[in-house]
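> Structure file input06.txt, compact mmCIF, C-alpha atoms and all ligand atoms, is pasted below:
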# COMPACT_ATOMS: atom_id res chain seq x y z
CA MET A 256 21.08 29.15 21.38
CA SER A 257 18.04 27.80 19.53
CA ASN A 258 17.54 24.06 19.38
CA ILE A 259 15.70 21.90 16.86
CA LEU A 260 14.71 18.51 18.27
CA LEU A 261 13.86 15.58 15.99
CA TYR A 262 12.13 12.39 17.08
CA ALA A 263 14.20 9.37 16.02
CA GLU A 264 11.65 6.62 15.43
CA VAL A 265 12.84 3.03 15.68
CA THR A 266 11.04 0.66 13.33
CA ARG A 267 9.68 -2.74 14.36
CA ASP A 268 12.73 -4.40 12.83
CA ASN A 269 15.01 -2.10 14.86
CA TYR A 270 16.15 0.34 12.19
CA LEU A 271 16.04 4.10 12.51
CA HIS A 272 13.08 5.18 10.35
CA THR A 273 14.36 6.84 7.16
CA VAL A 274 12.21 9.92 7.77
CA LEU A 275 14.72 10.87 10.50
CA PHE A 276 17.44 11.39 7.89
CA GLU A 277 15.11 13.41 5.67
CA LEU A 278 14.23 15.62 8.65
CA ALA A 279 17.90 15.83 9.70
CA ASN A 280 18.84 17.25 6.32
CA LYS A 281 15.99 19.77 6.41
CA ALA A 282 16.87 20.69 10.01
CA GLN A 283 20.40 21.66 8.87
CA GLU A 284 18.83 24.15 6.46
CA LEU A 285 16.50 25.53 9.16
CA SER A 286 19.41 25.69 11.61
CA LYS A 287 21.37 28.02 9.30
CA LYS A 288 18.39 30.40 9.24
CA LEU A 289 18.36 30.36 13.06
CA ASP A 290 22.02 31.37 13.56
CA ASN A 291 23.20 27.77 13.56
CA ALA A 292 20.66 26.37 15.98
CA GLU A 293 21.66 23.04 17.50
CA VAL A 294 20.10 19.98 15.89
CA SER A 295 19.27 17.26 18.40
CA ALA A 296 17.52 13.92 18.33
CA LEU A 297 15.37 12.13 20.85
CA LEU A 298 15.78 8.36 20.77
CA ILE A 299 13.53 6.04 22.79
CA CYS A 300 14.49 2.39 22.40
CA LYS A 301 15.07 -0.90 24.13
CA THR A 302 18.29 -1.38 26.07
CA GLY A 303 21.42 -1.75 23.97
CA LEU A 304 20.04 -0.50 20.66
CA ALA A 305 21.34 3.08 20.86
CA GLU A 306 24.92 1.89 20.45
CA LEU A 307 24.04 0.53 16.99
CA TYR A 308 22.77 3.88 15.76
CA LYS A 309 25.56 6.15 17.01
CA GLU A 310 27.47 6.28 13.75
CA ALA A 311 24.31 7.19 11.84
CA PHE A 312 23.69 10.11 14.22
CA ILE A 313 27.32 11.29 13.99
CA ASN A 314 27.14 11.22 10.18
CA SER A 315 23.80 13.02 9.99
CA GLY A 316 24.79 16.31 11.59
CA PHE A 317 23.30 15.88 15.06
CA ASP A 318 24.83 17.99 17.84
CA ASN A 319 23.11 16.04 20.62
CA VAL A 320 21.22 12.81 20.95
CA TYR A 321 19.04 12.33 24.05
CA ILE A 322 18.68 8.62 24.69
CA ALA A 323 16.10 6.87 26.86
CA GLU A 324 16.81 3.14 26.84
CA ASP A 325 14.72 0.57 28.67
CA ASN A 326 13.46 -2.89 27.87
CA ARG A 327 9.94 -1.62 28.46
CA PHE A 328 10.42 0.27 25.16
CA THR A 329 10.53 -2.94 23.10
CA HIS A 330 7.12 -2.01 21.64
CA TYR A 331 5.77 1.48 21.12
CA SER A 332 3.44 2.67 23.85
CA THR A 333 1.68 6.03 23.63
CA GLU A 334 1.70 6.62 27.38
CA MET A 335 5.34 5.70 28.03
CA TYR A 336 6.88 7.29 24.93
CA SER A 337 4.97 10.53 25.33
CA LYS A 338 5.95 10.76 29.03
CA VAL A 339 9.64 10.38 28.14
CA ALA A 340 9.38 12.85 25.26
CA ILE A 341 7.58 15.42 27.42
CA ASP A 342 10.19 15.08 30.21
CA ILE A 343 13.04 15.62 27.75
CA ILE A 344 11.33 18.54 26.01
CA GLN A 345 10.76 20.23 29.38
CA GLU A 346 14.46 19.78 30.16
CA VAL A 347 15.90 20.72 26.75
CA LYS A 348 13.31 23.37 25.83
CA PRO A 349 13.63 23.08 22.05
CA ASP A 350 12.26 25.88 19.89
CA ILE A 351 11.14 23.42 17.24
CA MET A 352 10.22 19.75 17.44
CA LEU A 353 9.83 17.70 14.24
CA ILE A 354 8.35 14.22 14.05
CA GLY A 355 7.81 11.98 11.01
CA ALA A 356 4.14 11.71 10.03
CA THR A 357 4.31 7.93 10.36
CA THR A 358 1.69 5.85 12.14
CA GLN A 359 3.75 6.17 15.33
CA GLY A 360 4.53 9.86 14.83
CA ARG A 361 0.88 10.68 14.20
CA ASP A 362 0.00 9.05 17.50
CA LEU A 363 2.85 10.52 19.54
CA ALA A 364 2.94 14.14 18.34
CA PRO A 365 -0.60 15.25 19.30
CA ARG A 366 -0.21 13.65 22.72
CA ILE A 367 2.97 15.66 23.36
CA ALA A 368 1.52 18.87 21.94
CA SER A 369 -1.66 18.72 23.99
CA SER A 370 0.23 17.92 27.21
CA LEU A 371 2.58 20.86 26.62
CA HIS A 372 -0.27 23.16 25.49
CA THR A 373 1.55 23.96 22.30
CA GLY A 374 0.55 23.97 18.65
CA LEU A 375 1.15 21.16 16.18
CA THR A 376 0.98 21.40 12.41
CA ALA A 377 0.28 17.89 11.23
CA ASP A 378 1.25 16.15 7.98
CA CYS A 379 3.44 18.97 6.61
CA ILE A 380 4.93 18.98 3.15
CA GLY A 381 7.08 22.10 3.56
CA LEU A 382 9.09 23.76 6.35
CA ASP A 383 10.84 27.11 6.45
CA ILE A 384 11.88 29.84 8.88
CA ASN A 385 10.16 33.20 8.34
CA GLU A 386 11.70 36.65 8.75
CA LYS A 387 10.74 36.64 12.46
CA GLY A 388 12.58 33.38 13.03
CA GLN A 389 9.39 31.34 13.39
CA LEU A 390 8.79 27.90 11.94
CA ALA A 391 6.56 28.27 8.86
CA ALA A 392 4.99 24.84 8.36
CA THR A 393 3.05 24.19 5.15
CA ARG A 394 0.38 21.53 4.73
CA PRO A 395 -2.51 20.84 2.36
CA THR A 396 -5.91 21.87 3.67
CA PHE A 397 -9.56 21.78 2.55
CA GLY A 398 -9.01 18.32 1.10
CA GLY A 399 -5.90 19.47 -0.75
CA LYS A 400 -7.51 22.48 -2.47
CA LEU A 401 -5.31 24.97 -0.60
CA MET A 402 -1.81 24.99 0.88
CA ALA A 403 -1.77 26.61 4.33
CA THR A 404 1.40 27.92 5.95
CA ILE A 405 0.89 27.78 9.68
CA LEU A 406 2.80 29.54 12.47
CA CYS A 407 2.76 28.46 16.08
CA LYS A 408 2.70 31.04 18.89
CA THR A 409 3.92 28.71 21.63
CA LEU A 410 7.07 26.64 22.14
CA PRO A 411 8.09 24.16 21.04
CA GLN A 412 6.71 24.80 17.57
CA MET A 413 5.74 21.28 16.58
CA ALA A 414 5.20 19.69 13.19
CA THR A 415 4.83 16.20 11.79
CA VAL A 416 6.25 15.78 8.30
CA ARG A 417 5.32 13.23 5.67
CA PRO A 418 8.04 10.70 4.85
CA LYS A 419 9.68 11.17 1.42
CA VAL A 420 8.82 14.85 1.19
CA PHE A 421 12.42 15.88 1.91
CA LYS A 422 15.54 14.16 0.67
CA PRO A 423 18.23 12.87 3.03
CA ALA A 424 21.64 14.57 2.74
CA SER A 425 23.57 13.34 -0.29
CA GLU A 426 26.75 13.07 1.77
CA ASN A 427 27.62 12.72 5.45
CA ILE A 428 27.47 15.80 7.68
CA VAL A 429 29.85 14.67 10.40
CA LYS A 430 29.47 16.26 13.84
CA ASP A 431 31.07 15.73 17.22
CA THR A 432 27.75 14.39 18.50
CA LYS A 433 27.10 14.31 22.27
CA PHE A 434 25.14 11.28 23.45
CA ILE A 435 23.18 12.07 26.58
CA TYR A 436 21.53 9.17 28.42
CA ILE A 437 18.33 10.00 30.30
CA LYS A 438 16.84 7.79 33.00
CA PRO A 439 13.23 7.34 31.91
CA GLU A 440 10.74 7.94 34.73
CA ILE A 441 8.01 5.56 33.72
CA ASP A 442 7.47 3.41 36.80
CA ASN A 443 4.13 5.02 37.59
CA ILE A 444 2.78 4.96 34.05
CA LYS A 445 -0.43 2.99 33.73
CA LYS A 446 -0.57 1.61 30.20
CA LYS A 447 -4.06 1.61 28.77
CA VAL A 448 -3.06 -0.62 25.87
CA GLU A 449 -1.09 -3.85 26.03
CA PHE A 450 0.87 -5.04 22.98
CA ILE A 451 -0.10 -8.62 22.15
CA GLU A 452 0.94 -9.34 18.59
CA PHE A 453 1.71 -7.51 15.39
CA VAL A 454 -0.49 -8.65 12.48
CA LYS A 455 0.27 -7.23 9.05
CA SER A 456 -2.74 -6.05 7.05
CA MET A 457 -3.11 -7.43 3.54
CA ASN A 458 -2.18 -4.08 2.08
CA SER A 459 1.03 -3.79 4.02
CA VAL A 460 2.01 -7.33 3.02
CA ILE A 461 2.02 -6.33 -0.63
CA ASN A 462 2.95 -2.74 -0.03
CA GLU A 463 5.92 -1.15 1.60
CA LEU A 464 5.48 1.96 -0.49
CA ASP A 465 7.83 4.16 1.52
CA SER A 466 10.82 1.97 0.78
CA ALA A 467 9.76 0.37 -2.54
CA ASP A 468 12.24 0.53 -5.42
CA ILE A 469 9.53 -0.21 -7.98
CA ILE A 470 5.90 0.86 -7.78
CA VAL A 471 3.16 -0.18 -10.18
CA ALA A 472 0.21 2.19 -9.85
CA GLY A 473 -3.25 1.66 -11.26
CA GLY A 474 -5.81 4.29 -12.14
CA ARG A 475 -9.40 4.44 -13.29
CA GLY A 476 -8.21 2.97 -16.60
CA MET A 477 -7.77 -0.39 -14.81
CA LYS A 478 -11.59 -0.32 -14.82
CA ASN A 479 -12.49 -3.18 -12.47
CA GLU A 480 -11.21 -5.78 -10.01
CA ALA A 481 -10.01 -8.01 -12.85
CA GLY A 482 -7.90 -5.06 -14.02
CA PHE A 483 -6.34 -4.72 -10.60
CA GLU A 484 -5.65 -8.47 -10.55
CA LEU A 485 -3.68 -7.99 -13.80
CA LEU A 486 -1.79 -5.20 -12.13
CA LYS A 487 -1.01 -7.35 -9.08
CA ASN A 488 0.25 -10.24 -11.26
CA PHE A 489 2.49 -7.85 -13.15
CA ALA A 490 3.75 -6.24 -9.92
CA GLU A 491 4.49 -9.63 -8.42
CA LYS A 492 6.54 -10.63 -11.47
CA ILE A 493 8.76 -7.57 -11.24
CA GLY A 494 8.91 -7.37 -7.43
CA ALA A 495 6.98 -4.12 -7.28
CA SER A 496 4.62 -2.63 -4.72
CA ILE A 497 1.10 -1.63 -5.74
CA ALA A 498 -0.28 1.89 -5.55
CA ALA A 499 -3.31 3.67 -6.95
CA SER A 500 -4.64 7.00 -8.11
CA ARG A 501 -7.58 8.57 -6.36
CA GLY A 502 -9.65 7.64 -9.40
CA ALA A 503 -9.06 3.96 -8.61
CA VAL A 504 -9.62 4.51 -4.88
CA ASP A 505 -12.92 6.29 -5.55
CA MET A 506 -14.01 3.32 -7.67
CA GLY A 507 -13.34 1.02 -4.71
CA LEU A 508 -10.54 -0.81 -6.55
CA ALA A 509 -7.86 0.08 -4.01
CA SER A 510 -7.74 1.29 -0.44
CA GLN A 511 -6.96 4.89 0.43
CA ASP A 512 -3.72 4.00 2.22
CA ILE A 513 -2.08 3.19 -1.12
CA GLN A 514 -3.29 6.35 -2.87
CA ILE A 515 -0.48 8.46 -4.32
CA GLY A 516 -0.76 12.22 -4.59
CA GLN A 517 -1.68 15.41 -2.87
CA THR A 518 -4.14 13.80 -0.49
CA GLY A 519 -2.30 10.47 -0.42
CA LYS A 520 1.31 9.38 -0.13
CA THR A 521 4.43 10.90 -1.62
CA VAL A 522 6.77 8.28 -3.09
CA THR A 523 10.21 8.39 -4.68
CA PRO A 524 10.92 4.91 -6.08
CA LYS A 525 13.58 4.13 -8.68
CA LEU A 526 10.81 3.18 -11.11
CA TYR A 527 7.13 4.23 -11.13
CA ILE A 528 4.86 2.54 -13.67
CA ALA A 529 1.55 4.38 -14.08
CA CYS A 530 -1.14 2.22 -15.67
CA GLY A 531 -4.38 3.81 -16.82
CA ILE A 532 -3.67 7.03 -14.91
CA SER A 533 -4.38 10.32 -16.68
CA GLY A 534 -1.77 12.38 -14.81
CA ALA A 535 -3.82 14.97 -12.93
CA ILE A 536 -1.59 17.44 -11.07
CA GLN A 537 -2.89 16.13 -7.73
CA HIS A 538 -1.47 12.71 -8.65
CA ILE A 539 1.76 13.99 -10.19
CA VAL A 540 2.84 15.85 -7.03
CA GLY A 541 3.00 12.53 -5.20
CA MET A 542 5.24 10.68 -7.67
CA ASN A 543 7.17 13.10 -9.89
CA GLU A 544 10.36 12.76 -7.84
CA SER A 545 10.61 9.08 -8.91
CA ASP A 546 13.90 8.35 -10.69
CA LYS A 547 12.19 6.93 -13.81
CA ILE A 548 8.54 7.01 -14.79
CA ILE A 549 6.83 4.72 -17.33
CA ALA A 550 3.24 5.46 -18.33
CA ILE A 551 0.78 3.20 -20.13
CA ASN A 552 -2.35 4.91 -21.43
CA THR A 553 -4.64 4.57 -24.45
CA ASP A 554 -4.88 8.35 -24.83
CA LYS A 555 -1.71 9.71 -26.45
CA ASN A 556 -2.62 13.19 -25.19
CA ALA A 557 -2.90 12.15 -21.53
CA PRO A 558 -0.94 14.59 -19.29
CA ILE A 559 0.95 11.70 -17.68
CA PHE A 560 3.01 11.48 -20.90
CA GLU A 561 4.40 14.96 -20.18
CA VAL A 562 6.11 13.80 -17.00
CA CYS A 563 7.19 10.28 -17.97
CA ASP A 564 10.56 9.06 -19.25
CA CYS A 565 8.95 6.35 -21.34
CA GLY A 566 5.37 6.46 -22.62
CA ILE A 567 3.46 3.49 -24.02
CA VAL A 568 0.24 4.27 -25.89
CA ALA A 569 -1.59 1.00 -25.39
CA ASP A 570 -4.48 -0.75 -23.71
CA VAL A 571 -3.38 -2.03 -20.29
CA PHE A 572 -5.63 -5.08 -20.73
CA GLU A 573 -3.58 -6.08 -23.76
CA ILE A 574 -0.08 -5.01 -22.83
CA LEU A 575 0.14 -6.03 -19.16
CA PRO A 576 -0.67 -9.73 -19.80
CA GLN A 577 1.81 -9.70 -22.70
CA ILE A 578 4.63 -8.30 -20.56
CA THR A 579 3.76 -10.61 -17.65
CA ASP A 580 3.80 -13.62 -20.04
CA GLN A 581 7.13 -12.58 -21.50
CA LEU A 582 8.60 -12.21 -18.02
CA SER A 583 7.25 -15.65 -17.02
CA LYS A 584 8.91 -17.22 -20.09
CA SER A 585 12.23 -15.55 -19.47
C1 LIG B 601 -8.41 18.48 -3.76
C2 LIG B 601 -8.09 17.31 -4.60
C3 LIG B 601 -7.15 16.39 -4.16
C4 LIG B 601 -6.84 15.28 -4.95
N1 LIG B 601 -5.89 14.39 -4.53
C5 LIG B 601 -5.54 13.36 -5.34
C6 LIG B 601 -4.51 12.45 -4.99
O1 LIG B 601 -3.92 12.51 -3.89
N2 LIG B 601 -4.18 11.47 -5.85
C7 LIG B 601 -4.80 11.33 -7.06
O2 LIG B 601 -4.44 10.39 -7.81
N3 LIG B 601 -5.78 12.16 -7.42
C8 LIG B 601 -6.18 13.16 -6.60
N4 LIG B 601 -7.20 13.97 -6.96
C9 LIG B 601 -8.00 13.60 -8.14
C10 LIG B 601 -7.37 14.00 -9.45
O3 LIG B 601 -7.73 15.31 -9.78
C11 LIG B 601 -7.84 13.06 -10.57
O4 LIG B 601 -9.27 13.10 -10.62
C12 LIG B 601 -7.42 11.62 -10.37
O5 LIG B 601 -6.02 11.55 -10.18
C13 LIG B 601 -7.78 10.83 -11.63
O6 LIG B 601 -7.47 9.49 -11.44
P1 LIG B 601 -7.13 8.59 -12.71
O7 LIG B 601 -5.98 9.17 -13.45
O8 LIG B 601 -7.03 7.20 -12.24
O9 LIG B 601 -8.50 8.68 -13.54
P2 LIG B 601 -8.82 9.41 -14.90
O10 LIG B 601 -8.46 10.85 -14.85
O11 LIG B 601 -10.25 9.08 -15.21
O12 LIG B 601 -7.85 8.73 -15.96
C14 LIG B 601 -7.99 7.42 -16.38
C15 LIG B 601 -6.98 7.24 -17.52
O13 LIG B 601 -6.98 5.90 -17.92
C16 LIG B 601 -6.82 5.85 -19.34
N5 LIG B 601 -7.37 4.59 -19.79
C17 LIG B 601 -8.68 4.20 -19.85
N6 LIG B 601 -8.78 2.93 -20.27
C18 LIG B 601 -7.50 2.50 -20.46
C19 LIG B 601 -6.94 1.27 -20.88
N7 LIG B 601 -7.72 0.21 -21.16
N8 LIG B 601 -5.60 1.16 -20.99
C20 LIG B 601 -4.78 2.21 -20.70
N9 LIG B 601 -5.27 3.40 -20.30
C21 LIG B 601 -6.62 3.54 -20.16
C22 LIG B 601 -7.60 7.05 -19.84
O14 LIG B 601 -7.14 7.44 -21.13
C23 LIG B 601 -7.30 8.08 -18.76
O15 LIG B 601 -6.19 8.87 -19.11
C24 LIG B 601 -7.51 15.08 -6.19
C25 LIG B 601 -8.46 16.03 -6.61
C26 LIG B 601 -8.74 17.12 -5.82
C27 LIG B 601 -9.75 18.11 -6.31
Can you give me the file's structure in the form of structure tokens?
Ligand SMILES: Cc1cc2nc3c(=O)[nH]c(=O)nc-3n(C[C@H](O)[C@H](O)[C@H](O)COP(=O)(O)OP(=O)(O)OC[C@H]3O[C@@H](n4cnc5c(N)ncnc54)[C@H](O)[C@@H]3O)c2cc1C

Amino acid sequence: MSNILLYAEVTRDNYLHTVLFELANKAQELSKKLDNAEVSALLICKTGLAELYKEAFINSGFDNVYIAEDNRFTHYSTEMYSKVAIDIIQEVKPDIMLIGATTQGRDLAPRIASSLHTGLTADCIGLDINEKGQLAATRPTFGGKLMATILCKTLPQMATVRPKVFKPASENIVKDTKFIYIKPEIDNIKKKVEFIEFVKSMNSVINELDSADIIVAGGRGMKNEAGFELLKNFAEKIGASIAASRGAVDMGLASQDIQIGQTGKTVTPKLYIACGISGAIQHIVGMNESDKIIAINTDKNAPIFEVCDCGIVADVFEILPQITDQLSKS
């Protein structure tokens, strides 16, 4: 029977990364196209944590969970995690292995793929099974100008997938999940990197875009650093994270890691407020799954107004201070 293996990333605050549940839902769809392939997870975590996650695995449609627990897994280590993953893959022989395209996943996946001499399609935004039963992994290429669907000739067929591209299942898919504990063989691993301390970058302090309920995004219409300051004050007042269009990134007003769109992040907040963003298709694809969209733009014909729930034709330099003031008073 075919087997789809998903990497269950544990976050620094000891949660299962939400991309696992997005991948789990997609894997159920792929499984049906592979005559009900088994869906398994690989969990590498510090001792005692696996117990906390069992219910989540049972409710997310996993047939098997392979668990490697050890206190040496308190912090992610490329050498140790990839060794464990490679050992389990060689044992389980999955046809497909999916990993979230997170910072950790982007480090781990190529290491596994190169050790196993298999192919890896990185940063995918679409997955399907073709008529030959192969994984068809789609990702933007040539700077986002083309979408390439890539097949892999070797096993496992590996892909990393951007968080928020797929939705988690809307209801539980309960399975009689088997939990299989593996003794990690890591005694001889020489770590090249030692974890000392985690220091948050300024951007990640103000931005947790993947999990943000409200995002305030600025575009070229914010014009200058003072404009982005306005945006930050407004975001702070409403408890929002900050994002940007590529226009703003190109102007040096925001860093690329908060760019939304085809060559940036995909986000699905409850509320997305686009300020001074025209609404180019390359931007829209990264935010149009938001529950509600508000757009502020001086140009009443701006394309962003075609995708928003509420459009405000106004100058951001006038309206944002007014709203921020009102919020301060109330
Ligand atoms: C291959 C490729 C990939 C791309 N990937 C991305 C991507 O990932 N993300 C992305 O965002 N773009 C991407 N782009 C770029 C995209 O095509 C647009 O150029 C970009 O989104 C425009 O950014 P913007 O809306 O901030 O700027 P503009 O298009 O210049 O729009 C600025 C808007 O601000 C309004 N405005 C001006 N002054 C004010 C004011 N005072 N108050 C209110 N409104 C005002 C204007 O009316 C205008 O609508 C990509 C392009 C290509 C070719």
> Counting all atoms listed in the file, name the residues that have an atom within 9 Å of an atom of ligand LIG 601 (chain B); the answer should be given as an mmCIF file with C-alpha atoms, keeping the file's coordinate frame.

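Full text of out-v4.cif as output:
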data_model
loop_
_atom_site.group_PDB
_atom_site.id
_atom_site.type_symbol
_atom_site.label_atom_id
_atom_site.label_comp_id
_atom_site.auth_asym_id
_atom_site.auth_seq_id
_atom_site.Cartn_x
_atom_site.Cartn_y
_atom_site.Cartn_z
ATOM 1 C CA PRO A 395 -2.510 20.840 2.360
ATOM 2 C CA THR A 396 -5.910 21.870 3.670
ATOM 3 C CA PHE A 397 -9.560 21.780 2.550
ATOM 4 C CA GLY A 398 -9.010 18.320 1.100
ATOM 5 C CA GLY A 399 -5.900 19.470 -0.750
ATOM 6 C CA LYS A 400 -7.510 22.480 -2.470
ATOM 7 C CA LEU A 401 -5.310 24.970 -0.600
ATOM 8 C CA GLY A 473 -3.250 1.660 -11.260
ATOM 9 C CA GLY A 474 -5.810 4.290 -12.140
ATOM 10 C CA ARG A 475 -9.400 4.440 -13.290
ATOM 11 C CA GLY A 476 -8.210 2.970 -16.600
ATOM 12 C CA MET A 477 -7.770 -0.390 -14.810
ATOM 13 C CA LYS A 478 -11.590 -0.320 -14.820
ATOM 14 C CA GLY A 482 -7.900 -5.060 -14.020
ATOM 15 C CA ALA A 499 -3.310 3.670 -6.950
ATOM 16 C CA SER A 500 -4.640 7.000 -8.110
ATOM 17 C CA ARG A 501 -7.580 8.570 -6.360
ATOM 18 C CA GLY A 502 -9.650 7.640 -9.400
ATOM 19 C CA ALA A 503 -9.060 3.960 -8.610
ATOM 20 C CA VAL A 504 -9.620 4.510 -4.880
ATOM 21 C CA ASP A 505 -12.920 6.290 -5.550
ATOM 22 C CA GLN A 514 -3.290 6.350 -2.870
ATOM 23 C CA ILE A 515 -0.480 8.460 -4.320
ATOM 24 C CA GLY A 516 -0.760 12.220 -4.590
ATOM 25 C CA GLN A 517 -1.680 15.410 -2.870
ATOM 26 C CA THR A 518 -4.140 13.800 -0.490
ATOM 27 C CA GLY A 519 -2.300 10.470 -0.420
ATOM 28 C CA LYS A 520 1.310 9.380 -0.130
ATOM 29 C CA THR A 521 4.430 10.900 -1.620
ATOM 30 C CA ALA A 529 1.550 4.380 -14.080
ATOM 31 C CA CYS A 530 -1.140 2.220 -15.670
ATOM 32 C CA GLY A 531 -4.380 3.810 -16.820
ATOM 33 C CA ILE A 532 -3.670 7.030 -14.910
ATOM 34 C CA SER A 533 -4.380 10.320 -16.680
ATOM 35 C CA GLY A 534 -1.770 12.380 -14.810
ATOM 36 C CA ALA A 535 -3.820 14.970 -12.930
ATOM 37 C CA ILE A 536 -1.590 17.440 -11.070
ATOM 38 C CA GLN A 537 -2.890 16.130 -7.730
ATOM 39 C CA HIS A 538 -1.470 12.710 -8.650
ATOM 40 C CA ILE A 539 1.760 13.990 -10.190
ATOM 41 C CA VAL A 540 2.840 15.850 -7.030
ATOM 42 C CA GLY A 541 3.000 12.530 -5.200
ATOM 43 C CA ALA A 550 3.240 5.460 -18.330
ATOM 44 C CA ILE A 551 0.780 3.200 -20.130
ATOM 45 C CA ASN A 552 -2.350 4.910 -21.430
ATOM 46 C CA THR A 553 -4.640 4.570 -24.450
ATOM 47 C CA ASP A 554 -4.880 8.350 -24.830
ATOM 48 C CA LYS A 555 -1.710 9.710 -26.450
ATOM 49 C CA ASN A 556 -2.620 13.190 -25.190
ATOM 50 C CA ALA A 557 -2.900 12.150 -21.530
ATOM 51 C CA PRO A 558 -0.940 14.590 -19.290
ATOM 52 C CA ILE A 559 0.950 11.700 -17.680
ATOM 53 C CA ILE A 567 3.460 3.490 -24.020
ATOM 54 C CA VAL A 568 0.240 4.270 -25.890
ATOM 55 C CA ALA A 569 -1.590 1.000 -25.390
ATOM 56 C CA ASP A 570 -4.480 -0.750 -23.710
ATOM 57 C CA VAL A 571 -3.380 -2.030 -20.290
ATOM 58 C CA PHE A 572 -5.630 -5.080 -20.730
ATOM 59 C CA GLU A 573 -3.580 -6.080 -23.760
ATOM 60 C CA ILE A 574 -0.080 -5.010 -22.830
#
> How many Å lie between atom CA of A:Asn543 and atom CA of A:Asp468, rounded to one decimal?
14.3 Å
> Mind giving me the straight-line distance from atom CA of A:Gln283 to atom CA of A:Thr357 in Å, one decimal?
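Distance between the two atoms: 21.2 Å.
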> Using atom CA of A:Ile313 and atom CA of A:Asp465 as the two end points, give the distance in Å to one decimal.
24.2 Å
> Could you give me, as a Markdown table, a per-residue list for stretch 289-341 of chain A showing, wherever an atom lies at most 10 Å from an atom of stretch 435-438 of chain A, the closest pair of atoms and their distance in Å to one decimal, using all atoms listed in the file and sorting by chain then residue number from low to high?

| residue | atom | partner | partner_atom | distance |
| --- | --- | --- | --- | --- |
| A:Leu297 | CA | A:Ile435 | CA | 9.7 |
| A:Leu298 | CA | A:Tyr436 | CA | 9.6 |
| A:Ile299 | CA | A:Ile437 | CA | 9.8 |
| A:Ala305 | CA | A:Tyr436 | CA | 9.7 |
| A:Asn319 | CA | A:Ile435 | CA | 7.2 |
| A:Val320 | CA | A:Ile435 | CA | 6.0 |
| A:Tyr321 | CA | A:Ile435 | CA | 4.9 |
| A:Ile322 | CA | A:Tyr436 | CA | 4.7 |
| A:Ala323 | CA | A:Ile437 | CA | 5.2 |
| A:Glu324 | CA | A:Lys438 | CA | 7.7 |
| A:Asp325 | CA | A:Lys438 | CA | 8.7 |
| A:Val339 | CA | A:Ile437 | CA | 9.0 |
> For A:Lys309, which residue among A:Val416, A:Ala296, A:Ile444, A:Asp268 is the nearest when counting all atoms listed in the file?
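Looking at the shortest contact to A:Lys309, the residue is A:Ala296.
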> Closest to A:Asn269 among A:Lys433, A:Lys387, A:Lys301, A:Lys487, using all atoms listed in the file?
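So, comparing all the options, the nearest one is A:Lys301.
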> From the options A:Val454, A:Ile351, A:Val274, A:Ile441, which residue's atoms come nearest to A:Tyr336, counting all atoms listed in the file?
A:Ile441
> With distances taken over only C-alpha atoms, which of A:Met542, A:Met352, A:Val265, A:Ile341 is nearest to A:Thr409?
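Closest to A:Thr409, using only C-alpha atoms: A:Met352.
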> Pick from A:Ala414, A:Ala311, A:Cys300, A:Ala368: nearest to A:Ile259, with all atoms listed in the file counted?
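Answer, going by the shortest atom-to-atom distance: A:Ala414.
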> Kindly extract all protein, DNA and RNA residues lying within 9 Å of the coordinates (13.6, 17.7, 17.7) given in the file, considering all atoms listed in the file, and supply them as a VMD selection string.
chain A and resid 258 to 263 282 294 to 297 344 349 to 354 413
> Choose the residue, out of A:Asn291, A:Val522, A:Lys281, A:Pro418, that has the smallest atom-to-atom separation from A:Ala472; count all atoms listed in the file.
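Distance minimum relative to A:Ala472 lands on A:Val522.
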> To box stretch 315-325 of chain A, take all atoms listed in the file, fit an axis-aligned box, add 5 Å on each side, and give centre and edge lengths in Å to one decimal, as JSON.

{"center_x": 19.8, "center_y": 9.3, "center_z": 19.3, "size_x": 20.1, "size_y": 27.4, "size_z": 28.7}
